[in-house]
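Visitor: This is the structure, below, for whatever I ask next.
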Amino acid sequence: MLTLQNLSKSYRTDTVETTALNAVNIEIRQGEFAAIMGPSGCGKSTLLNIIGMLDTPTSGSYLFKGEEIAGYSEAKLSDIRKENIGFIFQSFNLIDELTVFENVELALLYHKIGAQERKARVEAVMAKVGIDHRAEHRPAQLSGGQQQRVAVARAVVSNPSLILADEPTGNLDSHHGAEVMDLLQTLNREGTTIVMVTHSNIDAGRAKRVINLLDGHVMAEGLIKAA
Amino acid sequence: MFKNYLTVAVRNLLKHRLYSAINIFGLAIGIASCILIALFVRDELSYDSFIPNGERIYRVETRFDIPGRSPIIGGVSPGPALAIMLKDFPGIEAGVRLGRARTTFKRGAEVFREDLTLADPSMFDVLDLPLVAGDKAKALADNTGVVISESMARKYFGAASPIGQVIDATFSFSPTEVTARPLLVTAVFKDLPDNSHLKIDFISRINESDYEKMPWMFKDWTSLNTWTYLKLRSAADAANIEKGFKAFTARNVPSFPFSGKELKISDYMTLSLVKLEDIHLKSKGMGQVKPPGDAKSVATFAVVAAMILLIACINFTNLATARASQRAREVALRKVLGAKRPQLIAQFLSESVLTALVALVIAVALVHLALPTYNTVLQKQLAPDLAGAGPLIAAMFGLIALVGVVAGLYPAMVLSGFLPSRILKANKSAAAEGSGRLRTALVVIQFAISIGLLVCTAVVYSQTLYAKSMNVGYDPQDLMVVRTTSQKLADDILRTLREEVAKLPGVTAVTIGGSMPPDSNNNNNNIVEVPGRPSPTPILLEQKSVDYEFFTTFKVPLLAGRYLDEAHGGDDFPHGTDAQVRNGANIIINENALRRLGFASPQEAVGQQLRSGAGRAQENKTMMLTIVGVVGDVAYRSVRDEMQGMYFTRNSEEFRNLVVRYDGVAGPALRDATAKIWRELAPSDPYTTQFVPQLVQEQYRAEDAQTKLFAAFAGLAIVIACLGLYGLAAFTAERRTKEIGIRKVLGAKVSDVVRLLVWDFSKPVLVANLLAWPAAYMLMRDWLNDYPYRIDMGSIPFAVAGIGAIAIAWITVASHAARAAQSNPIHALRYE
Ligand SMILES: Nc1ncnc2c1ncn2[C@@H]1O[C@H](COP(=O)(O)OP(=O)(O)O)[C@@H](O)[C@H]1O
Ligand SMILES: [Mg+2]
């Protein structure tokens with residue numbers, strides 16, 4: 001599905017240059033469930049953002065579905081991202097002013113999809129994650145677990161082939177965290193490729209593969225048997 | 001405690017520079033507009049307040065309601081009225097008539113044309129102008145004395161003491177002769193201030209026997225040549241005296257014998273009283289010495305000032321609530337540390353008052369910068385007299401306190417109402433939900449006001465443009481008027497002057513005549529009738545005396561018949577009542593007269609006869625006028641006045657002016673060439689010329705000034721509203737970065753986000769249009785109703801204002817929207 005070769009990313013502020021990723025080589029195949037682990041500040045989010053085309057690498061190559069995307073314009077990247085990738089964040093990142101339904105629907109607004117089909121798809125995916133009875137609520141009226149399920153619904157409603165999740169259970173208690181992980185696992189079984197950043201060994205245990213990062217380097221890769 | 005508030009306030013102002021700048025400059029512009037308008041309003045309301053006992057001094061005004069034409073109104077009144085009024089109404093303590101004499105005064109070899117005010121000796125009992133020298137009681141003892149203003153004393157006598165000096169003056173006491181009369185200076189009065197409806201340089205005593213050959217000056221009830229001022233014993237008597245005027249005119253105004261019937265003039269004539277201090281704003285029509293003010297526009301500008309200030313206050317309120325969340329933590333901490341709500345309200349109010357105070361300082365500077373231009377447009381000498389003006393300063397500080405409280409109260413209530421527990425726990429975006437809706441409502445109000453002002457500007461501008469470009473019935477371009485100062489002089493030199501001027505290069509036509517356009521006088525009104533066609537009401541036509549060449553020189557189109565022509569002996573108006581009765585005269589009528597007289601077509605009118613009075617009314621004679629031609633309507637006055645029925649005669653006794661049409665030569669060059677001829681013909685008479693296009697423009701000076709001021713204040717209103725919108729856009733873009741980030745992650749392009757933000761800011765402006773349009777429409781419909789000839793408002797002013805406001809709003813928010821849309825979403829989503 002995607003191949004990163006010799007990929008580096010450094011940030012330059014006025015005085016210091018931080019190397020967040022240093023010559024990373026990673027391949028993610030179709031249908032995989034990969035967990036990225038490592039201490040805080042080691043570059044996990046940076047890696048995920050680059051995979052998600054929200055950020056561009058400083059050097060190296062990034063093949064997405066066999067296509068070299070380094071050097072693509074923002075608009076072009078936006079199109080590829082929109083068609084292929086869904087995001088889930090640790091802090092949910094729902095829009096407070098919109099209802100649950102509207103938050104999920106937002107992911108379809110920038111696709112060319114008619115209002116009726118949109119409604120059908122949003123309702124279907126809300127039912128799937130179990131928040132259909134909260135469609136008209138505002139995010140602030142939901143528990144954290146429910147909010148994250150809305151975020152999952154929003155990530156999958158456009159049928160992406162790849163879901164990127166940055167510490168999706170980081171703000172949840174273990175019970176709600178498990179619920180969200182169940183959802184991700186189900187999605188993976190149905191064929192969606194998932195790359196997830198996590199600090200939790202339990203969550204990582206749900207993945208088929210763990211990538212360990214330290215100071216911008218891929219340290220070791222442990223293959224974990226499917227649960 | 002207060003010191004702590006002040007420290008926080010100052011630091012806040014400094015820390016949030018954009019926010020402070022928008023607030024302070026918005027308020028400064030608002031306050032400056034307010035001060036400027038207040039100066040204007042104060043000046044307009046202060047007219048004639050320098051005259052002692054003004055509260056019981058009134059002017060008698062006259063109105064003729066003649067069916068079939070617009071009423072004739074004016075501040076002048078019949079000469080014989082006062083003497084009888086003093087007998088009939090015991091409530092009148094004193095009265096004075098003022099009149100005007102055209103005179104020339106000599107100073108060494110120089111001659112000046114001066115307006116001499118004629119007054120009854122009771123002058124100072126009623127209009128008590130402060131004297132700097134001389135004795136009020138004796139100053140107007142007889143008609144050889146003159147009371148002069150301080151600046152005229154300087155003009156004629158320099159530093160020498162004016163009392164006892166003699167000015168060589170010449171008067172025209174009859175249409176055909178001039179009288180030399182030396183005038184002895186008996187007293188000197190302080191120059192009248194600008195804010196007076198009076199314009200007096202010289203006062204001499206009315207001596208009715210001087211005017212034996214011009215009896216209409218003071219003895220006629222329908223020829224209005226005097227202003228009458230009454231000082232009542234008490235202002236409470238005014239209503240009663242005014243009520244008595246109906247019976248007064250019925251008793252005293254003589255009937256007018258006309259073709260066998262008695263025409264009761266008093267049925268059409270109404271006398272009324274206007275308080276001295278109201279004359280400037282309320283007196284309308286003929287006989288205003290200075291351009292009158294307009295109560296409506298004074299009120300309008302006062303409202304505009306309040307609205308501009310409101311817009312500026314709204315900025316403050318909006319920006320303060322928009323960033324309330326930024327200060328929530330400070331509030332929470334102060335509360336945790338024991339601050340009570342009233343203390344917090346006091347803190348935030350002192351911040352807004354401090355902001356308003358800083359704005360005031362800048363506003364005063366802005367006023368000083370703007371004042372010269374403002375005075376030019378208004379033709380006034382307004383100055384904020386800070387020196388001796390305790391009340392003005394008090395008013396300004398009152399204004400500041402008001403602005404501070406109005407603008408700051410709501411944010412203070414919101415901020416001080418935050419619950420510390422929620423804020424400290426939730427750590428962000430606890431700002432009240434409702435305040436967002438209030439902000440939108442306030443933005444709607446700001447733009448509704450701005451758009452309303454823009455619509456008004458567009459309408460006033462189009463109407464003025466329309467009025468100026470309206471067909472006046474002749475070609476006003478390239479016409480120059482030369483005026484003589486007396487009938488005697490006119491008779492002496494006008495014909496020679498015409499011959500000589502005609503020879504000058506570039507002169508294509510020359511005519512002489514009496515009243516030629518533009519001319520604001522409306523006093524040549526003659527009653528006529530069509531024999532055999534009785535009219536239920538008298539038909540009044542204006543009579544204008546013009547020479548044969550008038551129509552071709554002015555290019556007045558002929559509709560039927562012919563112009564007046566020297567080849568036809570009957571075209572010359574006979575001199576003397578007997579000749580008039582015997583011979584009649586040929587006349588030209590205009591289209592309006594055609595309708596008034598009831599002729600179906602110009603062709604039908606030609607050859608018809610009218611009967612009119614001959615000589616003076618008392619002679620009870622009539623003469624026949626034969627219509628030989630019909631011309632289009634000629635606008636003598638501005639289009640604020642309806643065109644009237646008119647007829648033209650060639651009465652050479654009334655010829656006083658000369659008009660030149662030129663081509664291929666510059667106006668000033670022609671004026672100088674004519675001046676040379678004049679100086680040979682009349683070396684001791686002042687030479688005055690005017691250009692007709694300028695005279696026509698002058699008629700619209702008030703409208704021009706109004707348009708400019710409206711445009712300026714509407715522009716300022718928009719600027720202030722946009723300042724607020726700019727600040728709001730900045731905060732909104734900041735507040736919505738997370739949302740924008742999410743949208744971008746989900747596939748929104750920069751253009752999608754810009755469109756979203758710009759559309760969000762367009763909505764209130766669109767709603768504002770819906771509020772502003774009907775309000776502005778109704779206002780402007782009333783305003784236009786004052787004009788007999790007016791534009792059709794149509795939709796253009798509304799579209800222009802609406803689209804203009806939206807475009808300006810777009811430009812204002814676009815930069816923020818673009819910046820927000822271009823930012824990388826991961827920054828927004830990274831730290832939560
Ligand atoms: N926009 C940025 N500017 C500068 N430095 C950054 C930026 N984003 C991340 N970094 C730095 O890059 C490194 C990796 O950050 P990140 O990928 O967020 O780590 P993780 O998600 O593993 O905690 C850190 O040292 C961080 O400070
Ligand atoms: Mg991270």
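Letters A, B, ... mark the chains of the structure tokens in the order given; residue numbers begin at 1 per chain; ligand numbers begin at 1, in order shown.
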Please find the residues of chain A near chain B - the criterion being any atom within 6 Å, counting only C-alpha atoms - and write them as a ChimeraX atom specification.

Guide: /A:78,82,95,107,110

Visitor: Could those selected residues go to a file with N, CA and C atoms, as a short mmCIF file (atom, residue, chain, number, x, y, z; two decimals), in the first residue's frame?

Guide:
```cif
data_model
loop_
_atom_site.label_atom_id
_atom_site.label_comp_id
_atom_site.auth_asym_id
_atom_site.auth_seq_id
_atom_site.Cartn_x
_atom_site.Cartn_y
_atom_site.Cartn_z
N SER A 78 -4.25 16.76 -1.30
CA SER A 78 -5.55 16.83 -0.66
C SER A 78 -6.53 15.89 -1.34
N LYS A 82 -8.14 12.66 0.50
CA LYS A 82 -9.59 12.63 0.61
C LYS A 82 -10.16 11.28 0.14
N ILE A 95 -15.92 19.16 15.82
CA ILE A 95 -16.26 20.59 15.81
C ILE A 95 -17.42 20.83 16.77
N ALA A 107 -17.11 14.73 6.58
CA ALA A 107 -16.12 13.98 5.81
C ALA A 107 -16.59 13.70 4.39
N TYR A 110 -16.82 17.21 1.18
CA TYR A 110 -15.83 17.60 0.18
C TYR A 110 -15.68 16.53 -0.90
#
```

Visitor: Pick out the residues sitting within 9 Å of Gln148 in chain A, and hand them over as an NGL selection string; count only C-alpha atoms, and ignore anything fewer than 4 positions along from it in its own chain.

Guide: :A and (88-94 or 143-144 or 152-153 or 168-169 or 172 or 176 or 180)

Visitor: Counting only C-alpha atoms and all ligand atoms, what residues are within 12 Å of ligand 1, given as a ChimeraX atom specification?

Guide: /A:8-22,36-50,54-56,89-90,165-167,196-199,212-217 /B:823-831

Visitor: To one decimal in Å, tell me the separation between CA of Ser545 in chain B and CA of Glu566 in chain B.

Guide: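 Result for CA of Ser545 in chain B versus CA of Glu566 in chain B: 14.5 Å, one decimal.
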
Visitor: For range 310-326 of chain B, list every protein, DNA or RNA residue within 6 Å, evaluated using only C-alpha atoms, and leave out those in the same chain fewer than 5 positions away; present the list as a PyMOL selection string.

Guide: chain B and resi 23+26-27+30+407+411+429+431+439+446+724

Visitor: Store the residues of this selection in a file with all heavy atoms, as a tab-separated table (two decimals), in the first residue's frame.

Guide:
```tsv
chain	number	residue	atom	x	y	z
B	23	ASN	N	-10.12	49.33	18.43
B	23	ASN	CA	-11.03	49.98	19.36
B	23	ASN	C	-10.79	51.47	19.43
B	23	ASN	O	-11.71	52.27	19.34
B	23	ASN	CB	-10.84	49.39	20.76
B	23	ASN	CG	-11.79	48.24	20.98
B	23	ASN	OD1	-12.82	48.16	20.32
B	23	ASN	ND2	-11.43	47.35	21.87
B	26	GLY	N	-11.39	53.26	15.96
B	26	GLY	CA	-12.82	53.26	15.68
B	26	GLY	C	-13.53	54.30	16.54
B	26	GLY	O	-14.27	55.14	16.04
B	27	LEU	N	-13.25	54.26	17.83
B	27	LEU	CA	-13.89	55.22	18.73
B	27	LEU	C	-13.45	56.64	18.41
B	27	LEU	O	-14.27	57.57	18.44
B	27	LEU	CB	-13.53	54.90	20.19
B	27	LEU	CG	-14.36	53.80	20.86
B	27	LEU	CD1	-13.85	53.57	22.28
B	27	LEU	CD2	-15.83	54.20	20.91
B	30	GLY	N	-15.28	57.84	15.49
B	30	GLY	CA	-16.68	58.04	15.90
B	30	GLY	C	-16.84	59.31	16.73
B	30	GLY	O	-17.72	60.12	16.47
B	407	ALA	N	-20.43	50.87	25.72
B	407	ALA	CA	-19.64	49.87	25.01
B	407	ALA	C	-19.15	48.78	25.95
B	407	ALA	O	-19.03	47.63	25.57
B	407	ALA	CB	-18.46	50.54	24.31
B	411	PRO	N	-19.83	43.50	27.85
B	411	PRO	CA	-18.66	42.64	28.09
B	411	PRO	C	-18.33	42.50	29.56
B	411	PRO	O	-17.97	41.41	30.02
B	411	PRO	CB	-17.53	43.35	27.35
B	411	PRO	CG	-18.17	44.27	26.41
B	411	PRO	CD	-19.52	44.60	26.93
B	429	SER	N	-12.30	27.74	25.79
B	429	SER	CA	-13.56	27.99	25.07
B	429	SER	C	-14.80	27.90	25.94
B	429	SER	O	-15.77	27.27	25.58
B	429	SER	CB	-13.70	27.06	23.86
B	429	SER	OG	-13.86	25.73	24.27
B	431	ALA	N	-16.28	30.61	26.64
B	431	ALA	CA	-16.97	31.85	26.31
B	431	ALA	C	-18.44	31.58	26.06
B	431	ALA	O	-18.81	30.59	25.46
B	431	ALA	CB	-16.35	32.48	25.07
B	439	ARG	N	-23.11	39.14	18.95
B	439	ARG	CA	-22.11	39.77	18.08
B	439	ARG	C	-22.64	39.89	16.66
B	439	ARG	O	-22.54	40.93	16.03
B	439	ARG	CB	-20.82	38.96	18.08
B	439	ARG	CG	-19.90	39.29	19.23
B	439	ARG	CD	-18.49	38.88	18.91
B	439	ARG	NE	-18.34	37.43	18.81
B	439	ARG	CZ	-18.22	36.63	19.86
B	439	ARG	NH1	-18.25	37.13	21.07
B	439	ARG	NH2	-18.08	35.33	19.70
B	446	GLN	N	-24.57	47.45	12.72
B	446	GLN	CA	-23.54	48.33	12.15
B	446	GLN	C	-23.68	48.46	10.65
B	446	GLN	O	-23.64	49.56	10.09
B	446	GLN	CB	-22.14	47.76	12.43
B	446	GLN	CG	-21.71	47.84	13.87
B	446	GLN	CD	-20.29	47.34	14.02
B	446	GLN	OE1	-19.95	46.25	13.55
B	446	GLN	NE2	-19.44	48.12	14.65
B	724	GLY	N	-14.17	47.07	12.84
B	724	GLY	CA	-14.71	46.08	13.76
B	724	GLY	C	-14.75	44.71	13.13
B	724	GLY	O	-14.37	43.70	13.74
```

Visitor: Skip Gln343 in chain B itself and residues of its chain fewer than 3 positions away, then list as a ChimeraX atom specification all residues within 12 Å of it, counting only C-alpha atoms.

Guide: /B:1-2,4-5,331,334-335,338-340,346-350,412-413,415-417

Visitor: For the selection you just gave me, I'd like the residues written to a file as an mmCIF file, in the first residue's frame, keeping C-alpha atoms.

Guide:
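Okay, selection_14.cif is ready:
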```cif
data_model
loop_
_atom_site.group_PDB
_atom_site.id
_atom_site.type_symbol
_atom_site.label_atom_id
_atom_site.label_comp_id
_atom_site.auth_asym_id
_atom_site.auth_seq_id
_atom_site.Cartn_x
_atom_site.Cartn_y
_atom_site.Cartn_z
ATOM 1 C CA MET B 1 -7.273 48.492 44.036
ATOM 2 C CA PHE B 2 -7.927 51.062 41.355
ATOM 3 C CA ASN B 4 -4.279 47.503 39.965
ATOM 4 C CA TYR B 5 -7.206 47.906 37.553
ATOM 5 C CA VAL B 331 -11.463 36.501 35.908
ATOM 6 C CA ARG B 334 -9.496 37.028 40.624
ATOM 7 C CA LYS B 335 -12.688 35.379 41.825
ATOM 8 C CA GLY B 338 -11.863 36.894 46.529
ATOM 9 C CA ALA B 339 -12.990 39.470 43.939
ATOM 10 C CA LYS B 340 -16.739 40.076 43.896
ATOM 11 C CA ALA B 346 -15.912 48.172 37.841
ATOM 12 C CA GLN B 347 -12.595 46.878 36.576
ATOM 13 C CA PHE B 348 -13.819 46.180 33.055
ATOM 14 C CA LEU B 349 -15.761 49.438 32.871
ATOM 15 C CA SER B 350 -12.714 51.420 33.872
ATOM 16 C CA ALA B 412 -18.201 43.521 31.734
ATOM 17 C CA MET B 413 -21.351 41.625 32.645
ATOM 18 C CA LEU B 415 -16.776 38.492 31.837
ATOM 19 C CA SER B 416 -17.634 39.037 35.456
ATOM 20 C CA GLY B 417 -20.263 36.306 35.241
#
```

Visitor: Taking only C-alpha atoms and all ligand atoms into account, which of A:Arg29, A:Gly170, A:Val156, A:Thr193 comes nearest ligand 2?

Guide: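 Using only C-alpha atoms and all ligand atoms, the shortest distance to ligand 2 belongs to A:Gly170.
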
Visitor: Within range 18-195 of chain A, find each residue whose DSSP state, derived from the backbone, is helix (DSSP H, G or I), and express the selection as number ranges by chain.

Guide: A: 44-51, 74-84, 100-109, 115-129, 132-134, 139-141, 144-156, 174-189

Visitor: Which residues in range 125-324 of chain B does DSSP call strand (DSSP E)? List them as an MDAnalysis selection string.

Guide: chainID B and resid 131:134 145:149 166:171 179:189 202:205 227:232 256:258 261:263 269:275

Visitor: At a cut-off of 7 Å, using only C-alpha atoms, what residues contact range 511-521 of chain B? Leave out same-chain residues fewer than 3 positions from it and give the result as a ChimeraX atom specification.

Guide: /B:544-547,549-550,553,635-637,654-660,695-696

Visitor: Quick one: of B:Glu734, B:Glu642, B:Asp201, B:Asp492, who's nearest to His816 in chain B, counting only C-alpha atoms?

Guide: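 When distances to His816 in chain B are compared using only C-alpha atoms, the smallest one comes from B:Glu734.
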
Visitor: Between CA of Ala821 in chain B and CA of Arg735 in chain B, what is the spacing in Å?

Guide: 12.8 Å

Visitor: Provide the CA of Ala614 in chain B to CA of Gly569 in chain B distance in Å, to one decimal place.

Guide: 19.1 Å

Visitor: Within 9 Å of Asp65 in chain B, counting only C-alpha atoms, which residues qualify if same-chain residues fewer than 3 places away don't, as a CSV table (one decimal) with all heavy atoms, in the first residue's frame?

Guide:
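Output below, filename part-v1.csv:
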```
chain,number,residue,atom,x,y,z
B,69,ARG,N,-51.5,77.2,-8.1
B,69,ARG,CA,-50.0,77.4,-8.1
B,69,ARG,C,-49.5,77.1,-6.7
B,69,ARG,O,-50.3,77.2,-5.7
B,69,ARG,CB,-49.6,78.7,-8.6
B,69,ARG,CG,-50.1,79.9,-7.8
B,69,ARG,CD,-49.1,81.1,-8.0
B,69,ARG,NE,-47.9,80.8,-7.4
B,69,ARG,CZ,-46.7,81.4,-7.7
B,69,ARG,NH1,-46.6,82.3,-8.6
B,69,ARG,NH2,-45.6,81.1,-7.0
B,70,SER,N,-48.2,76.8,-6.6
B,70,SER,CA,-47.7,76.6,-5.2
B,70,SER,C,-47.7,77.9,-4.5
B,70,SER,O,-47.6,79.0,-5.1
B,70,SER,CB,-46.3,76.1,-5.3
B,70,SER,OG,-45.5,76.9,-6.2
B,71,PRO,N,-47.9,77.9,-3.1
B,71,PRO,CA,-48.0,79.1,-2.4
B,71,PRO,C,-46.8,80.0,-2.5
B,71,PRO,O,-45.7,79.4,-2.6
B,71,PRO,CB,-48.3,78.6,-0.9
B,71,PRO,CG,-47.9,77.2,-0.9
B,71,PRO,CD,-48.0,76.7,-2.3
B,72,ILE,N,-47.0,81.3,-2.3
B,72,ILE,CA,-45.8,82.2,-2.3
B,72,ILE,C,-45.6,82.5,-0.8
B,72,ILE,O,-46.5,82.9,-0.1
B,72,ILE,CB,-46.2,83.5,-3.0
B,72,ILE,CG1,-46.5,83.2,-4.5
B,72,ILE,CG2,-45.0,84.5,-2.9
B,72,ILE,CD1,-47.0,84.4,-5.2
B,73,ILE,N,-44.4,82.1,-0.3
B,73,ILE,CA,-44.2,82.3,1.1
B,73,ILE,C,-42.9,83.2,1.3
B,73,ILE,O,-42.1,83.2,0.4
B,73,ILE,CB,-44.0,81.0,1.9
B,73,ILE,CG1,-43.0,80.1,1.2
B,73,ILE,CG2,-45.3,80.3,2.1
B,73,ILE,CD1,-42.8,78.8,1.9
B,267,ASP,N,-58.3,87.1,1.6
B,267,ASP,CA,-58.7,85.6,1.6
B,267,ASP,C,-57.5,84.8,1.3
B,267,ASP,O,-57.5,83.6,1.6
B,267,ASP,CB,-59.8,85.4,0.5
B,267,ASP,CG,-61.1,86.0,1.0
B,267,ASP,OD1,-61.2,86.3,2.2
B,267,ASP,OD2,-62.1,86.0,0.2
B,268,TYR,N,-56.6,85.3,0.6
B,268,TYR,CA,-55.4,84.5,0.1
B,268,TYR,C,-54.2,84.7,1.0
B,268,TYR,O,-53.2,84.1,0.7
B,268,TYR,CB,-55.1,84.8,-1.3
B,268,TYR,CG,-56.3,84.6,-2.2
B,268,TYR,CD1,-57.0,85.7,-2.7
B,268,TYR,CD2,-56.8,83.3,-2.5
B,268,TYR,CE1,-58.1,85.5,-3.5
B,268,TYR,CE2,-57.9,83.1,-3.3
B,268,TYR,CZ,-58.6,84.2,-3.8
B,268,TYR,OH,-59.7,84.0,-4.6
B,269,MET,N,-54.3,85.7,1.9
B,269,MET,CA,-53.0,86.1,2.5
B,269,MET,C,-53.1,85.7,4.0
B,269,MET,O,-54.1,85.9,4.7
B,269,MET,CB,-53.0,87.7,2.5
B,269,MET,CG,-51.8,88.3,3.1
B,269,MET,SD,-52.0,90.1,2.7
B,269,MET,CE,-50.5,90.7,3.3
B,270,THR,N,-52.0,85.1,4.5
B,270,THR,CA,-51.9,84.8,5.9
B,270,THR,C,-50.6,85.4,6.5
B,270,THR,O,-49.6,85.2,5.9
B,270,THR,CB,-51.8,83.2,6.1
B,270,THR,OG1,-52.8,82.7,5.2
B,270,THR,CG2,-52.0,82.8,7.5
```

Visitor: Do you know which residues are at most 10 Å from Leu7 in chain A counting only C-alpha atoms, after dropping those on the same chain fewer than 5 positions away, and could you put them as a VMD selection string?

Guide: chain A and resid 21 to 26 47 50 57 to 62

Visitor: Just checking: using only C-alpha atoms, which residue out of B:Leu497, B:Ile587, B:Val414, B:Val631 ends up closest to Glu680 in chain B?

Guide: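 Of B:Leu497, B:Ile587, B:Val414, B:Val631, the one nearest Glu680 in chain B, counting only C-alpha atoms, is B:Leu497.
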
Visitor: Between B:Ala169, B:Leu597, B:Pro193, B:His575, which is the closest to Gln381 in chain B once you count only C-alpha atoms?

Guide: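 Of B:Ala169, B:Leu597, B:Pro193, B:His575, the one nearest Gln381 in chain B, counting only C-alpha atoms, is B:Pro193.
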